[in-house]
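Here the structure is laid out as structure tokens; the discussion comes afterwards.
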Amino acid sequence: MTTTTTLITGANKGLGFETARRLVAAGHTVYVGSRDAERGRRAAEQLGARAVQLDVTDDASVAAAVKALEADGGLDVLVNNAGIEERGENNAVIGAADVTADLMRSTFETNVFGLVRVTHAFLPLLRRSAAPVVVNVSSGLGSMARVSAPDSPAYRYPGIAYPASKTAVNLITVQYAKAFPEMRINCVEPGYTATDLNGRTGTQTVEQGAEIIVRTALTGPDGPTGGYFDIDGPIPW
């Protein structure tokens with residue numbers, strides 16, 4: 001029986017780390033992608049996983065990671081988890097009055113361009129897999145329907161850069177899914193999870209947040225593709 005090989009970006013902590021833990025437990029060979037090589041090595045050691053240095057904003061780093069996985073046998077599942085949400089003083093969300101082009105650019109560099117950089121680079125390996133899966137970690141804040149509905153909690157979020165980046169991730173997911181029908185490519189909303197990204201202000205644990213990421217990473221060849229899901233099922237775009 002062949003082992004499923006999975007790469008998770010930004011996996012040395014938070015949702016990525018918990019997703020790695022669960023997929024190792026499910027029998028996957030998991031690569032912990034981490035911008036900081038030493039943190040990644042320590043996380044992988046703790047998890048019984050493998051470490052690969054991977055900065056999603058750096059072409060050379062991504063190319064080296066592709067070579068490392070190719071040498072080890074390839075890739076079946078890619079979890080694009082690495083993401084940032086830039087905040088201001090006292091962990092305050094940066095709202096419309098203060099958002100700048102530079103802030104948008106730096107957020108998109110990781111959350112959007114980084115995701116495309118990694119996905120594009122690993123496509124040749126994924127296309128060789130018998131059952132390739134891509135999971136893009138999005139957010140409910142990327143849902144235009146939720147952000148524009150006054151009765152939704154997302155409506156009250158004042159930021160622009162982070163939700164806009166996740167809306168872009170959703171569109172990118174749909175287009176990739178149409179382009180590669182042999183793959184299962186979906187985006188997921190983990191929920192408002194307490195992680196370093198939001199200064200640990202989230203209302204649920206990483207165990208709860210990782211559930212939909214893990215479930216989608218385990219999608220079989222007959223599973224959905226081009227979808228947007230949270231733990232309860234499909235959510236509106």
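Labels used: A, B, ... for chains in the order of the structure tokens, numbers from 1 for residues in each chain, and numbers from 1 for ligands as shown.
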
9 Å contact set for Val134 in chain A, only C-alpha atoms, chain neighbours under 6 positions out, as a PyMOL selection string
chain A and resi 76-80+119+126+173+183-187+216-217

Kindly export the residues of the current selection with all heavy atoms, as a short mmCIF file (atom, residue, chain, number, x, y, z; two decimals), in the first residue's frame.
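Contents of the output file selection_2.cif:
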data_model
loop_
_atom_site.label_atom_id
_atom_site.label_comp_id
_atom_site.auth_asym_id
_atom_site.auth_seq_id
_atom_site.Cartn_x
_atom_site.Cartn_y
_atom_site.Cartn_z
N ASP A 76 1.13 14.17 -2.95
CA ASP A 76 -0.27 13.83 -3.22
C ASP A 76 -1.24 14.91 -2.75
O ASP A 76 -2.26 15.16 -3.38
CB ASP A 76 -0.63 12.51 -2.53
CG ASP A 76 0.27 11.38 -2.97
OD1 ASP A 76 0.23 11.03 -4.16
OD2 ASP A 76 1.04 10.87 -2.14
N VAL A 77 -0.93 15.51 -1.60
CA VAL A 77 -1.84 16.48 -0.99
C VAL A 77 -1.05 17.75 -0.64
O VAL A 77 -0.02 17.69 0.03
CB VAL A 77 -2.49 15.92 0.29
CG1 VAL A 77 -3.43 16.96 0.92
CG2 VAL A 77 -3.26 14.64 -0.01
N LEU A 78 -1.56 18.89 -1.10
CA LEU A 78 -0.98 20.19 -0.76
C LEU A 78 -1.99 20.98 0.06
O LEU A 78 -3.12 21.19 -0.39
CB LEU A 78 -0.63 20.96 -2.04
CG LEU A 78 -0.20 22.42 -1.85
CD1 LEU A 78 1.08 22.54 -1.02
CD2 LEU A 78 -0.03 23.11 -3.21
N VAL A 79 -1.58 21.39 1.25
CA VAL A 79 -2.43 22.24 2.09
C VAL A 79 -1.78 23.62 2.15
O VAL A 79 -0.75 23.82 2.80
CB VAL A 79 -2.61 21.66 3.51
CG1 VAL A 79 -3.50 22.59 4.34
CG2 VAL A 79 -3.20 20.25 3.45
N ASN A 80 -2.40 24.58 1.45
CA ASN A 80 -1.91 25.96 1.46
C ASN A 80 -2.48 26.66 2.69
O ASN A 80 -3.57 27.24 2.66
CB ASN A 80 -2.34 26.68 0.17
CG ASN A 80 -1.52 26.27 -1.03
OD1 ASN A 80 -0.29 26.30 -1.00
ND2 ASN A 80 -2.19 25.87 -2.10
N THR A 119 1.48 26.59 -5.34
CA THR A 119 0.63 25.70 -6.14
C THR A 119 1.23 25.49 -7.53
O THR A 119 1.34 24.35 -8.01
CB THR A 119 -0.80 26.25 -6.25
OG1 THR A 119 -1.32 26.47 -4.93
CG2 THR A 119 -1.70 25.28 -6.99
N LEU A 126 1.98 17.11 -8.26
CA LEU A 126 0.59 16.76 -7.98
C LEU A 126 -0.03 16.02 -9.17
O LEU A 126 -0.79 15.07 -9.00
CB LEU A 126 -0.22 18.02 -7.66
CG LEU A 126 0.05 18.65 -6.29
CD1 LEU A 126 -0.52 20.07 -6.23
CD2 LEU A 126 -0.53 17.80 -5.16
N THR A 173 -9.20 29.29 -6.28
CA THR A 173 -9.54 27.88 -6.05
C THR A 173 -10.50 27.36 -7.11
O THR A 173 -10.30 26.27 -7.68
CB THR A 173 -10.18 27.70 -4.65
OG1 THR A 173 -9.26 28.15 -3.66
CG2 THR A 173 -10.55 26.26 -4.38
N MET A 183 -8.06 16.67 -10.22
CA MET A 183 -7.67 16.95 -8.83
C MET A 183 -8.90 17.33 -8.01
O MET A 183 -9.93 17.73 -8.56
CB MET A 183 -6.67 18.11 -8.78
CG MET A 183 -5.38 17.85 -9.51
SD MET A 183 -4.19 19.17 -9.16
CE MET A 183 -2.94 18.82 -10.40
N ARG A 184 -8.79 17.21 -6.69
CA ARG A 184 -9.81 17.72 -5.78
C ARG A 184 -9.23 18.99 -5.17
O ARG A 184 -8.30 18.93 -4.36
CB ARG A 184 -10.15 16.71 -4.68
CG ARG A 184 -10.62 15.31 -5.13
CD ARG A 184 -11.92 15.31 -5.90
NE ARG A 184 -11.70 15.47 -7.32
CZ ARG A 184 -12.65 15.58 -8.21
NH1 ARG A 184 -13.91 15.57 -7.84
NH2 ARG A 184 -12.37 15.72 -9.49
N ILE A 185 -9.76 20.14 -5.56
CA ILE A 185 -9.21 21.43 -5.14
C ILE A 185 -10.33 22.24 -4.50
O ILE A 185 -11.30 22.62 -5.17
CB ILE A 185 -8.61 22.19 -6.33
CG1 ILE A 185 -7.56 21.33 -7.05
CG2 ILE A 185 -8.00 23.52 -5.87
CD1 ILE A 185 -6.96 21.96 -8.30
N ASN A 186 -10.22 22.48 -3.21
CA ASN A 186 -11.26 23.18 -2.46
C ASN A 186 -10.67 24.22 -1.52
O ASN A 186 -9.49 24.16 -1.17
CB ASN A 186 -12.07 22.16 -1.64
CG ASN A 186 -12.82 21.17 -2.51
OD1 ASN A 186 -13.80 21.53 -3.16
ND2 ASN A 186 -12.36 19.92 -2.53
N CYS A 187 -11.52 25.16 -1.11
CA CYS A 187 -11.10 26.11 -0.08
C CYS A 187 -11.99 25.92 1.16
O CYS A 187 -13.15 25.50 1.04
CB CYS A 187 -11.13 27.55 -0.57
SG CYS A 187 -12.63 28.10 -1.39
N THR A 216 -11.03 17.85 4.52
CA THR A 216 -10.91 18.16 3.09
C THR A 216 -9.61 17.59 2.52
O THR A 216 -9.57 17.17 1.36
CB THR A 216 -10.99 19.69 2.89
OG1 THR A 216 -12.16 20.18 3.57
CG2 THR A 216 -11.11 20.06 1.42
N ALA A 217 -8.56 17.54 3.33
CA ALA A 217 -7.30 16.93 2.88
C ALA A 217 -7.47 15.44 2.62
O ALA A 217 -6.74 14.86 1.81
CB ALA A 217 -6.21 17.16 3.92
#

Need the shell around Gln53 in chain A: protein/DNA/RNA residues with any atom at most 9 Å away, counting only C-alpha atoms. Skip same-chain ones fewer than 3 positions apart. Format as a VMD selection string?
chain A and resid 32 to 38 40 to 41 61 to 62 64 to 65

Atoms to include: all heavy atoms. Write the selected residues as a short mmCIF file (atom, residue, chain, number, x, y, z; two decimals), in the first residue's frame.
data_model
loop_
_atom_site.label_atom_id
_atom_site.label_comp_id
_atom_site.auth_asym_id
_atom_site.auth_seq_id
_atom_site.Cartn_x
_atom_site.Cartn_y
_atom_site.Cartn_z
N VAL A 32 6.28 19.26 7.06
CA VAL A 32 5.98 20.51 7.76
C VAL A 32 6.74 21.62 7.04
O VAL A 32 7.96 21.73 7.15
CB VAL A 32 6.43 20.42 9.24
CG1 VAL A 32 6.35 21.78 9.92
CG2 VAL A 32 5.57 19.41 9.98
N GLY A 33 6.01 22.43 6.28
CA GLY A 33 6.63 23.57 5.62
C GLY A 33 6.72 24.72 6.60
O GLY A 33 5.73 25.09 7.22
N SER A 34 7.91 25.29 6.74
CA SER A 34 8.11 26.37 7.70
C SER A 34 9.12 27.36 7.15
O SER A 34 10.16 26.96 6.63
CB SER A 34 8.61 25.79 9.03
OG SER A 34 8.88 26.82 9.95
N ARG A 35 8.81 28.64 7.30
CA ARG A 35 9.73 29.68 6.84
C ARG A 35 11.05 29.62 7.62
O ARG A 35 12.12 29.81 7.08
CB ARG A 35 9.05 31.05 7.02
CG ARG A 35 9.73 32.19 6.34
CD ARG A 35 8.88 33.43 6.41
NE ARG A 35 8.40 33.70 7.76
CZ ARG A 35 7.60 34.70 8.08
NH1 ARG A 35 7.16 35.50 7.14
NH2 ARG A 35 7.22 34.90 9.31
N ASP A 36 10.92 29.37 8.91
CA ASP A 36 12.09 29.24 9.79
C ASP A 36 12.47 27.75 9.87
O ASP A 36 11.72 26.95 10.42
CB ASP A 36 11.76 29.79 11.18
CG ASP A 36 12.93 29.76 12.14
OD1 ASP A 36 13.46 28.66 12.40
OD2 ASP A 36 13.31 30.83 12.65
N ALA A 37 13.63 27.41 9.32
CA ALA A 37 14.03 26.00 9.21
C ALA A 37 14.13 25.32 10.57
O ALA A 37 13.72 24.17 10.73
CB ALA A 37 15.37 25.90 8.48
N GLU A 38 14.64 26.03 11.56
CA GLU A 38 14.83 25.41 12.88
C GLU A 38 13.48 25.16 13.57
O GLU A 38 13.26 24.10 14.16
CB GLU A 38 15.71 26.31 13.76
CG GLU A 38 15.95 25.81 15.17
CD GLU A 38 16.55 24.40 15.23
OE1 GLU A 38 17.23 23.98 14.27
OE2 GLU A 38 16.33 23.72 16.26
N GLY A 40 10.71 24.68 12.08
CA GLY A 40 10.11 23.58 11.32
C GLY A 40 10.68 22.24 11.73
O GLY A 40 9.95 21.26 11.87
N ARG A 41 11.99 22.19 11.93
CA ARG A 41 12.64 20.95 12.34
C ARG A 41 12.12 20.49 13.70
O ARG A 41 11.82 19.31 13.90
CB ARG A 41 14.15 21.14 12.39
CG ARG A 41 14.94 19.86 12.63
CD ARG A 41 16.39 20.14 12.96
NE ARG A 41 16.53 20.88 14.20
CZ ARG A 41 16.39 20.36 15.42
NH1 ARG A 41 16.07 19.09 15.57
NH2 ARG A 41 16.55 21.11 16.49
N SER A 61 13.24 29.45 -2.36
CA SER A 61 12.84 28.56 -1.27
C SER A 61 11.80 27.55 -1.74
O SER A 61 11.90 26.35 -1.44
CB SER A 61 12.26 29.40 -0.11
OG SER A 61 11.63 28.59 0.84
N VAL A 62 10.83 28.01 -2.51
CA VAL A 62 9.79 27.12 -3.02
C VAL A 62 10.38 26.11 -4.00
O VAL A 62 10.08 24.91 -3.95
CB VAL A 62 8.65 27.92 -3.67
CG1 VAL A 62 7.64 27.00 -4.35
CG2 VAL A 62 7.95 28.79 -2.62
N ALA A 64 13.42 24.96 -4.08
CA ALA A 64 14.21 23.98 -3.32
C ALA A 64 13.31 22.95 -2.64
O ALA A 64 13.64 21.76 -2.58
CB ALA A 64 15.07 24.70 -2.28
N ALA A 65 12.15 23.40 -2.15
CA ALA A 65 11.20 22.49 -1.51
C ALA A 65 10.65 21.49 -2.53
O ALA A 65 10.48 20.31 -2.23
CB ALA A 65 10.06 23.28 -0.87
#

Write out as number ranges by chain the residues lying within 12 Å of range 153-161 of chain A, counting only C-alpha atoms and excluding same-chain residues fewer than 2 positions away.
A: 83-88, 92-112, 139-151, 163-168, 191-192

From a DSSP pass on the backbone, collect the residues of range 60-206 of chain A flagged as helix (DSSP H, G or I) and hand them back as a ChimeraX atom specification.
/A:60-72,89-91,101-128,140-142,144-147,153-156,161-179,196-198,206

Might you pull out every residue within 10 Å of range 42-50 of chain A, with only C-alpha atoms counted and same-chain residues fewer than 6 positions away left off, and present them as a short mmCIF file (atom, residue, chain, number, x, y, z; two decimals) with N, CA, C and O atoms, in the first residue's frame?
data_model
loop_
_atom_site.label_atom_id
_atom_site.label_comp_id
_atom_site.auth_asym_id
_atom_site.auth_seq_id
_atom_site.Cartn_x
_atom_site.Cartn_y
_atom_site.Cartn_z
N THR A 6 1.91 14.40 2.06
CA THR A 6 1.22 15.68 2.23
C THR A 6 2.20 16.77 2.63
O THR A 6 3.04 16.56 3.50
N LEU A 7 2.06 17.94 2.00
CA LEU A 7 2.83 19.13 2.38
C LEU A 7 1.87 20.17 2.93
O LEU A 7 0.85 20.47 2.30
N ALA A 11 3.34 25.27 8.82
CA ALA A 11 2.86 24.18 9.68
C ALA A 11 3.62 24.01 10.99
O ALA A 11 3.40 23.04 11.70
N ASN A 12 4.48 24.96 11.32
CA ASN A 12 5.23 24.80 12.57
C ASN A 12 4.44 25.23 13.80
O ASN A 12 4.88 25.04 14.93
N LYS A 13 3.24 25.78 13.59
CA LYS A 13 2.39 26.18 14.73
C LYS A 13 0.95 26.31 14.28
O LYS A 13 0.63 26.19 13.10
N PHE A 17 0.07 23.17 12.30
CA PHE A 17 0.67 22.16 13.18
C PHE A 17 -0.37 21.11 13.57
O PHE A 17 -0.10 19.90 13.52
N GLU A 18 -1.56 21.55 13.94
CA GLU A 18 -2.62 20.61 14.34
C GLU A 18 -3.07 19.76 13.15
O GLU A 18 -3.33 18.56 13.29
N ALA A 20 -1.17 18.91 10.65
CA ALA A 20 -0.08 17.95 10.46
C ALA A 20 -0.19 16.80 11.45
O ALA A 20 -0.04 15.63 11.09
N ARG A 21 -0.48 17.13 12.69
CA ARG A 21 -0.60 16.09 13.73
C ARG A 21 -1.68 15.08 13.36
O ARG A 21 -1.49 13.87 13.45
N ARG A 22 -2.81 15.60 12.91
CA ARG A 22 -3.94 14.73 12.59
C ARG A 22 -3.67 13.88 11.35
O ARG A 22 -4.08 12.73 11.27
N LEU A 23 -2.99 14.45 10.38
CA LEU A 23 -2.72 13.70 9.15
C LEU A 23 -1.61 12.67 9.36
O LEU A 23 -1.63 11.60 8.74
N VAL A 24 -0.66 12.96 10.22
CA VAL A 24 0.33 11.94 10.60
C VAL A 24 -0.40 10.76 11.26
O VAL A 24 -0.16 9.60 10.94
N ALA A 25 -1.35 11.10 12.14
CA ALA A 25 -2.14 10.05 12.81
C ALA A 25 -2.97 9.24 11.82
O ALA A 25 -3.23 8.05 12.04
N HIS A 28 -0.53 9.58 6.92
CA HIS A 28 0.16 10.32 5.86
C HIS A 28 1.64 10.53 6.22
O HIS A 28 1.99 10.64 7.39
N THR A 29 2.47 10.59 5.19
CA THR A 29 3.83 11.12 5.35
C THR A 29 3.69 12.63 5.20
O THR A 29 3.32 13.12 4.12
N VAL A 30 3.92 13.37 6.28
CA VAL A 30 3.64 14.80 6.28
C VAL A 30 4.94 15.62 6.29
O VAL A 30 5.84 15.36 7.09
N TYR A 31 4.99 16.59 5.40
CA TYR A 31 6.08 17.56 5.39
C TYR A 31 5.58 18.85 6.04
O TYR A 31 4.58 19.42 5.60
N VAL A 32 6.28 19.26 7.06
CA VAL A 32 5.98 20.51 7.76
C VAL A 32 6.74 21.62 7.04
O VAL A 32 7.96 21.73 7.15
N GLY A 33 6.01 22.43 6.28
CA GLY A 33 6.63 23.57 5.62
C GLY A 33 6.72 24.72 6.60
O GLY A 33 5.73 25.09 7.22
N SER A 34 7.91 25.29 6.74
CA SER A 34 8.11 26.37 7.70
C SER A 34 9.12 27.36 7.15
O SER A 34 10.16 26.96 6.63
#

Need the shell around Asn81 in chain A: protein/DNA/RNA residues with any atom at most 6 Å away, counting only C-alpha atoms. Skip same-chain ones fewer than 4 positions apart. Format as JSON, numbers by chain?
{"A": [9, 10, 137]}

Please determine, counting only C-alpha atoms, which residue among A:Leu15, A:Leu69, A:Ile235, A:Ala51 has the shortest atom-to-atom distance to Ala82 in chain A.
A:Leu15
